[in-house]
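**Q** Submitted below is the structure of interest, expressed as C-alpha cells.
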Amino acid sequence: MPITSRQSLRRLEAYFIAPHIYQRPDVSDRQAKLATIVSTNIIPRLLRLHSEIITDAPPVKVLVEALAPSKADISGFDDVLLGADLEAAAAYVTILRDWGLPMETLFVELLEPTARLLGEMWDRDECDFIDVRLGVARLQKLLAVFNNTHTVASLDDRHQVLMAMTSGGQHQFGGQIVERFLLGGGRQVKTVMSGTIDDIVDAARAEWFAVANLTAGSDRQIDALTSTIAELRRQSKNQKIGVMVGGPVFTANPELSSKVGADVTAPNAPAAVLIAQKLSDRQPQ
C-alpha cells in the first residue's frame with residue numbers, strides 16, 4: 001500500500017502555499033534555481049543523515065534511482081528534495097522515518113537549516129520571496145508527510161498563530177516580515193503588536209491558537225516577555241499552546257529562549273514558518 005496518495009499530497013497545496021504561485025510560467029525555472037541551492041548546500045547534510053545516522057539504510061544510489069522521476073526538470077537528489085515530483089520526495093523522507101530517523105534529527109539537521117539558508121539568501125537578495133516560499137512550502141510538505149499530519153482532517157484547525165510584540169517594542173518591521181511568511185505558509189494569523197500582557201493573554205484566552213509567536217526588540221523586554229509567556233501558558237484556551245520567540249536578542253543568544261519559558265526561537269522568517277508547523281504538529285489530533 002502506498003505511504004501517501006497523490007490526492008492527499010495535492011491537498012497540502014491549499015495549506016502551505018497560494019495555488020496561483022504554482023500556476024506561474026516561471027515555476028520550473030525557480031525550482032531549478034532552488035535545486036542548485038540544494039545540491040551545493042543541502043545534499044551533503046542529507047547524505048550524512050542517510051549514511052551516518054541510519055547506518056543500515058539502503059544505498060543512496062538505489063533510492064535515487066528508485067524515486068527520481070524519469071521526466072523531470074531537475075534530476076537526482078535535487079528532485080527528491082525540491083523537484084517537481086512531491087511523491088518522490090515524500091517517499092524518500094518516509095523511508096528515512098521507517099528506517100528509524102527521528103523527526104527531531106530530520107528537523108534539526110536538514111529541514112530547519114534549509115529554511116534558514118533560504119532566509120539568509122533572501123536577505124542577501126540572492127533569491128526573491130516567491131523562490132523562498134516555494135522552497136519553504138516543499139519543506140513544510142515533507143515535514144507534514146514525515147509526521148503523518150497530511151492525513152489529519154482537522155489540519156486547518158492547527159494553523160492558528162497568535163503574533164505579538166511585548167510592550168515597548170520598537171522593532172515591528174521584523175515581526176511584519178514573519179507575519180508575511182506565516183500567511184504565505186498557510187497560517188491564520190492574529191496580530192497584537194505592542195500589546196500589554198493583558199492584551200496578549202486576553203487574545204489567547206478568547207480564541208484557540210496552536211502557536212504563539214512573541215517578539216522582543218531588546219534585552220530590556222526580557223522580564224516582560226517572561227511574565228507574558230507564564231501568563232499565556234496559564235490562561236490560554238489551548239493549554240498545550242506552542243510558544244516561539246524571536247527578535248535580535250534571541251538571534252544573538254538562542255539559548256535565552258528556554259530561560260524566558262518559550263519552546264524555541266526562530267532565526268529568521270522562513271525558519272519561523274517551519275518551526276510553527278513543527279509546534280502545530282505536536283497539538284492533540
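Here, A, B, ... name the chains of the C-alpha cells in the order displayed, residue numbers run from 1 inside each chain, and ligands are numbered from 1 in the same displayed order.
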Please produce, as a Markdown table, a per-residue contact table for segment 262-285 of chain A versus segment 211-218 of chain A (criterion: any atom at most 7 Å away, only C-alpha atoms considered), showing the nearest atom pair and its distance in Å to one decimal, sorted by chain then residue number.

**A**
| residue | atom | partner | partner_atom | distance |
| --- | --- | --- | --- | --- |
| A:Ala276 | CA | A:Val211 | CA | 6.5 |
| A:Leu279 | CA | A:Val211 | CA | 6.7 |
| A:Ser280 | CA | A:Val211 | CA | 6.6 |

**Q** Skipping near chain neighbours, those fewer than 6 positions away, what residues fall within 12 Å of Ser258 of chain A using only C-alpha atoms, listed as JSON, numbers by chain?

**A** {"A": [222, 225, 226, 229, 243, 244, 245, 250, 264, 265]}

**Q** Which residues in segment 126-280 of chain A does DSSP call strand (DSSP E)? List them as number ranges by chain.

**A** A: 160-166, 188-195, 211-215, 242-246, 264-265

**Q** Let me see the file: selected residues, N, CA and C atoms, as a CSV table (one decimal), in the first residue's frame.

**A**
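result-v4.csv, freshly written:
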chain,number,residue,atom,x,y,z
A,160,GLN,N,-3.7,28.1,13.5
A,160,GLN,CA,-3.9,29.4,14.1
A,160,GLN,C,-2.7,29.8,14.9
A,161,VAL,N,-2.2,31.0,14.5
A,161,VAL,CA,-1.0,31.6,15.2
A,161,VAL,C,-1.3,33.0,15.8
A,162,LEU,N,-0.9,33.2,17.0
A,162,LEU,CA,-1.1,34.5,17.7
A,162,LEU,C,0.3,35.1,17.6
A,163,MET,N,0.4,36.3,17.0
A,163,MET,CA,1.6,37.1,17.0
A,163,MET,C,1.5,38.3,17.8
A,164,ALA,N,2.6,38.6,18.6
A,164,ALA,CA,2.6,39.7,19.5
A,164,ALA,C,4.0,40.2,19.7
A,165,MET,N,4.1,41.5,20.0
A,165,MET,CA,5.4,42.1,20.5
A,165,MET,C,5.2,42.6,21.9
A,166,THR,N,6.1,42.3,22.8
A,166,THR,CA,6.0,42.7,24.1
A,166,THR,C,5.9,44.3,24.2
A,188,GLN,N,-3.2,31.0,9.7
A,188,GLN,CA,-4.1,32.0,10.0
A,188,GLN,C,-3.6,32.8,11.2
A,189,VAL,N,-3.3,34.1,11.0
A,189,VAL,CA,-2.5,34.9,12.0
A,189,VAL,C,-3.4,36.0,12.6
A,190,LYS,N,-3.4,36.1,13.9
A,190,LYS,CA,-3.9,37.2,14.6
A,190,LYS,C,-2.8,38.0,15.2
A,191,THR,N,-2.7,39.3,15.0
A,191,THR,CA,-1.5,40.1,15.4
A,191,THR,C,-1.9,41.1,16.5
A,192,VAL,N,-1.2,41.0,17.6
A,192,VAL,CA,-1.4,42.0,18.7
A,192,VAL,C,0.0,42.7,18.8
A,193,MET,N,0.2,43.7,18.1
A,193,MET,CA,1.5,44.4,18.1
A,193,MET,C,1.6,45.4,19.2
A,194,SER,N,2.7,45.5,19.9
A,194,SER,CA,2.9,46.4,21.0
A,194,SER,C,1.8,46.3,22.1
A,195,GLY,N,1.4,45.1,22.3
A,195,GLY,CA,0.4,44.8,23.3
A,195,GLY,C,0.9,44.7,24.7
A,211,VAL,N,-0.1,28.1,18.1
A,211,VAL,CA,1.2,28.6,18.3
A,211,VAL,C,1.1,30.1,18.7
A,212,ALA,N,1.9,30.6,19.6
A,212,ALA,CA,2.1,32.0,19.9
A,212,ALA,C,3.5,32.4,19.5
A,213,ASN,N,3.6,33.4,18.7
A,213,ASN,CA,5.0,33.9,18.2
A,213,ASN,C,5.2,35.3,18.8
A,214,LEU,N,6.1,35.4,19.8
A,214,LEU,CA,6.3,36.6,20.6
A,214,LEU,C,7.6,37.2,20.2
A,215,THR,N,7.7,38.5,20.1
A,215,THR,CA,8.9,39.2,19.7
A,215,THR,C,9.4,40.2,20.8
A,242,GLY,N,2.0,26.0,21.7
A,242,GLY,CA,3.4,26.1,21.5
A,242,GLY,C,3.9,27.6,21.5
A,243,VAL,N,5.0,27.9,22.1
A,243,VAL,CA,5.5,29.3,22.2
A,243,VAL,C,6.8,29.4,21.5
A,244,MET,N,6.8,30.3,20.5
A,244,MET,CA,8.0,30.6,19.7
A,244,MET,C,8.4,32.1,20.0
A,245,VAL,N,9.7,32.4,20.1
A,245,VAL,CA,10.1,33.8,20.4
A,245,VAL,C,11.1,34.2,19.3
A,246,GLY,N,11.2,35.5,19.1
A,246,GLY,CA,12.1,36.0,18.1
A,246,GLY,C,12.5,37.4,18.4
A,264,VAL,N,11.0,27.4,21.7
A,264,VAL,CA,12.0,27.5,20.7
A,264,VAL,C,12.1,29.0,20.2
A,265,THR,N,13.2,29.3,19.5
A,265,THR,CA,13.3,30.6,18.8
A,265,THR,C,13.6,30.3,17.4

**Q** Taking only C-alpha atoms into account, which of A:Asn253, A:Glu207, A:Asp198, A:Lys240 comes nearest Thr228 of chain A?

**A**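 Among the listed residues, A:Asp198 lies closest to Thr228 of chain A.
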
**Q** When you draw a straight line from atom CA of Pro102 of chain A to atom CA of Val260 of chain A, how long is it in Å?

**A**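 Separating atom CA of Pro102 of chain A from atom CA of Val260 of chain A is a distance of 26.8 Å.
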
**Q** Could you check how far atom CA of Arg205 of chain A sits from atom CA of Gln235 of chain A, in Å to one decimal?

**A**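 Between atom CA of Arg205 of chain A and atom CA of Gln235 of chain A the gap works out to 5.9 Å.
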
**Q** Give me every helix (DSSP H, G or I) residue in segment 171-218 of chain A, going by DSSP on the backbone, as a list of chain:residue names.

**A** A:Gln172, A:Phe173, A:Gly174, A:Gly175, A:Gln176, A:Ile177, A:Val178, A:Glu179, A:Arg180, A:Phe181, A:Leu182, A:Leu183, A:Gly184, A:Ile197, A:Asp198, A:Asp199, A:Ile200, A:Val201, A:Asp202, A:Ala203, A:Ala204, A:Arg205, A:Ala206

**Q** Could you take the residues named above and write them with N, CA and C atoms, as a JSON list (two decimals), in the first residue's frame?

**A**
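Once written, again19.json looks like this:
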[["chain", "number", "residue", "atom", "x", "y", "z"],
["A", 172, "GLN", "N", 9.05, 46.60, 14.92],
["A", 172, "GLN", "CA", 7.88, 45.94, 14.38],
["A", 172, "GLN", "C", 8.11, 45.39, 12.98],
["A", 173, "PHE", "N", 9.08, 45.93, 12.25],
["A", 173, "PHE", "CA", 9.29, 45.50, 10.87],
["A", 173, "PHE", "C", 9.60, 44.02, 10.80],
["A", 174, "GLY", "N", 10.48, 43.54, 11.68],
["A", 174, "GLY", "CA", 10.82, 42.12, 11.67],
["A", 174, "GLY", "C", 9.61, 41.25, 11.93],
["A", 175, "GLY", "N", 8.74, 41.69, 12.85],
["A", 175, "GLY", "CA", 7.53, 40.95, 13.12],
["A", 175, "GLY", "C", 6.60, 40.93, 11.92],
["A", 176, "GLN", "N", 6.56, 42.02, 11.17],
["A", 176, "GLN", "CA", 5.72, 42.08, 9.97],
["A", 176, "GLN", "C", 6.23, 41.14, 8.89],
["A", 177, "ILE", "N", 7.54, 40.99, 8.79],
["A", 177, "ILE", "CA", 8.11, 40.06, 7.81],
["A", 177, "ILE", "C", 7.73, 38.63, 8.19],
["A", 178, "VAL", "N", 7.86, 38.30, 9.48],
["A", 178, "VAL", "CA", 7.47, 36.95, 9.94],
["A", 178, "VAL", "C", 6.00, 36.71, 9.65],
["A", 179, "GLU", "N", 5.17, 37.70, 9.92],
["A", 179, "GLU", "CA", 3.74, 37.56, 9.66],
["A", 179, "GLU", "C", 3.48, 37.28, 8.18],
["A", 180, "ARG", "N", 4.19, 37.98, 7.31],
["A", 180, "ARG", "CA", 4.01, 37.79, 5.87],
["A", 180, "ARG", "C", 4.35, 36.36, 5.47],
["A", 181, "PHE", "N", 5.43, 35.84, 6.02],
["A", 181, "PHE", "CA", 5.80, 34.47, 5.68],
["A", 181, "PHE", "C", 4.83, 33.46, 6.26],
["A", 182, "LEU", "N", 4.35, 33.70, 7.48],
["A", 182, "LEU", "CA", 3.39, 32.79, 8.08],
["A", 182, "LEU", "C", 2.10, 32.75, 7.27],
["A", 183, "LEU", "N", 1.64, 33.90, 6.83],
["A", 183, "LEU", "CA", 0.45, 33.95, 6.00],
["A", 183, "LEU", "C", 0.69, 33.23, 4.68],
["A", 184, "GLY", "N", 1.87, 33.45, 4.11],
["A", 184, "GLY", "CA", 2.22, 32.77, 2.87],
["A", 184, "GLY", "C", 2.33, 31.27, 3.04],
["A", 197, "ILE", "N", 0.70, 42.73, 28.51],
["A", 197, "ILE", "CA", 0.50, 41.34, 28.89],
["A", 197, "ILE", "C", -0.99, 41.00, 28.85],
["A", 198, "ASP", "N", -1.81, 41.89, 29.34],
["A", 198, "ASP", "CA", -3.26, 41.64, 29.36],
["A", 198, "ASP", "C", -3.81, 41.50, 27.95],
["A", 199, "ASP", "N", -3.36, 42.35, 27.02],
["A", 199, "ASP", "CA", -3.84, 42.27, 25.63],
["A", 199, "ASP", "C", -3.53, 40.91, 25.02],
["A", 200, "ILE", "N", -2.29, 40.47, 25.23],
["A", 200, "ILE", "CA", -1.84, 39.21, 24.63],
["A", 200, "ILE", "C", -2.57, 38.02, 25.26],
["A", 201, "VAL", "N", -2.64, 38.02, 26.57],
["A", 201, "VAL", "CA", -3.27, 36.90, 27.27],
["A", 201, "VAL", "C", -4.77, 36.87, 26.98],
["A", 202, "ASP", "N", -5.41, 38.03, 26.91],
["A", 202, "ASP", "CA", -6.83, 38.08, 26.60],
["A", 202, "ASP", "C", -7.11, 37.45, 25.23],
["A", 203, "ALA", "N", -6.25, 37.73, 24.25],
["A", 203, "ALA", "CA", -6.43, 37.17, 22.92],
["A", 203, "ALA", "C", -6.32, 35.65, 22.95],
["A", 204, "ALA", "N", -5.34, 35.14, 23.70],
["A", 204, "ALA", "CA", -5.14, 33.69, 23.79],
["A", 204, "ALA", "C", -6.23, 33.01, 24.59],
["A", 205, "ARG", "N", -6.82, 33.74, 25.51],
["A", 205, "ARG", "CA", -7.89, 33.18, 26.33],
["A", 205, "ARG", "C", -9.21, 33.13, 25.55],
["A", 206, "ALA", "N", -9.39, 34.07, 24.63],
["A", 206, "ALA", "CA", -10.65, 34.17, 23.90],
["A", 206, "ALA", "C", -10.72, 33.24, 22.70]]

**Q** Rank nothing, just name the residue among A:Ala90, A:Val273, A:Arg233, A:Asp281 nearest to Glu112 of chain A, using only C-alpha atoms.

**A**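 Among the listed residues, A:Val273 lies closest to Glu112 of chain A.
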
**Q** Pick from A:Leu134, A:Ala210, A:Leu232, A:Leu139: nearest to Ser28 of chain A, with only C-alpha atoms counted?

**A**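 Using only C-alpha atoms, Ser28 of chain A sits closest to A:Leu134.
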
**Q** Could you please determine the separation between atom CA of Gln277 of chain A and atom CA of Thr149 of chain A in Å, to one decimal place?

**A**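 If I compute the distance from atom CA of Gln277 of chain A to atom CA of Thr149 of chain A, I get 10.0 Å.
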